[in-house]
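One structure is given here, and the rest of the page talks about it.
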Amino acid sequence: MKTAPTQELRQAEVVIAYVLRYGVLVSAFLIVVGFVLTLIVGGGVSHESLRSLIQGQEMSQSVQPPSSFLQFKQELTQKNPEAVIALGLLCLIILPVLRVAMTVFFFLFERDYLYLTITLFVLTILLTSLFLGKSI
């Protein structure tokens, strides 16, 4: 027999839904701003660079993604269109991790320790893969 969800659980679902919805909107906005900046200031990736990337060859230095947060921050302050697009994509990537992190607090509040443990395990895997993952 299924029990009806509690009012707190329903509120938690609504909060998570709002975070995901507005997170996707912010991400989409940043990506669109990056594309508009590309049209305004020029730049972007040349056809030759795209062709070499698709063929698995080494990318030229001008289209290398930032390799550190400091470099990423510098490119954002210089209004680099690729950095703005990358920020939008980063927001999109972080949203599922944020959702799992929020769920940890809701299970803790509900004192559902079984699901709290499972969710903490999933969050640990997500954060480990995010920070220790290597690009191909």
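Residue names in the structure tokens use chain letters A, B, ... in the order shown, residue numbers from 1 in each chain, and ligand numbers from 1 in the order shown.
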
Practice prompt. Show which residues sit within 10 Å of Thr103 (chain A), as a list in words. Count only C-alpha atoms, and ignore same-chain residues fewer than 3 positions away.
Written response: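 Those residues are Ala12, Glu13, Ile16, Val97, Leu98, Arg99, Val100, Phe106, Phe107, Leu108, Phe109, Tyr115, Leu116, Thr119, Leu120 and Leu123 of chain A.
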
Discussion item. Residues near Tyr22 (chain A), anyone? I mean within 12 Å using only C-alpha atoms, not counting same-chain ones fewer than 5 positions away, as a list in words.
Written reply: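 Skipping anything fewer than 5 positions along the chain leaves Val15, Ile16, Ala17, Ser27, Ala28, Phe29, Cys91, Leu92 and Leu95 of chain A.
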
Discussion item. Which residues are close to Gln78 (chain A), i.e. within 12 Å by only C-alpha atoms, leaving aside same-chain residues fewer than 6 positions away? Reply as a list in words.
Written reply: Leu37, Val41, Gln71, Phe72 and Val84 of chain A

Worksheet item: What is the CA of Leu89 (chain A)-CA of Leu126 (chain A) distance in Å, reported with one decimal?
Response: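 Value for the CA of Leu89 (chain A)-CA of Leu126 (chain A) distance: 16.6 Å.
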
Practice prompt. Tell me, in Å to one decimal, how far CA of Leu76 (chain A) is from CA of Val32 (chain A).
Written response: 14.9 Å

Practice prompt. Grab the CA of Gln11 (chain A) to CA of Phe121 (chain A) distance for me, in Å with one decimal place.
Written response: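 Atom-to-atom, CA of Gln11 (chain A) to CA of Phe121 (chain A), that is 23.9 Å.
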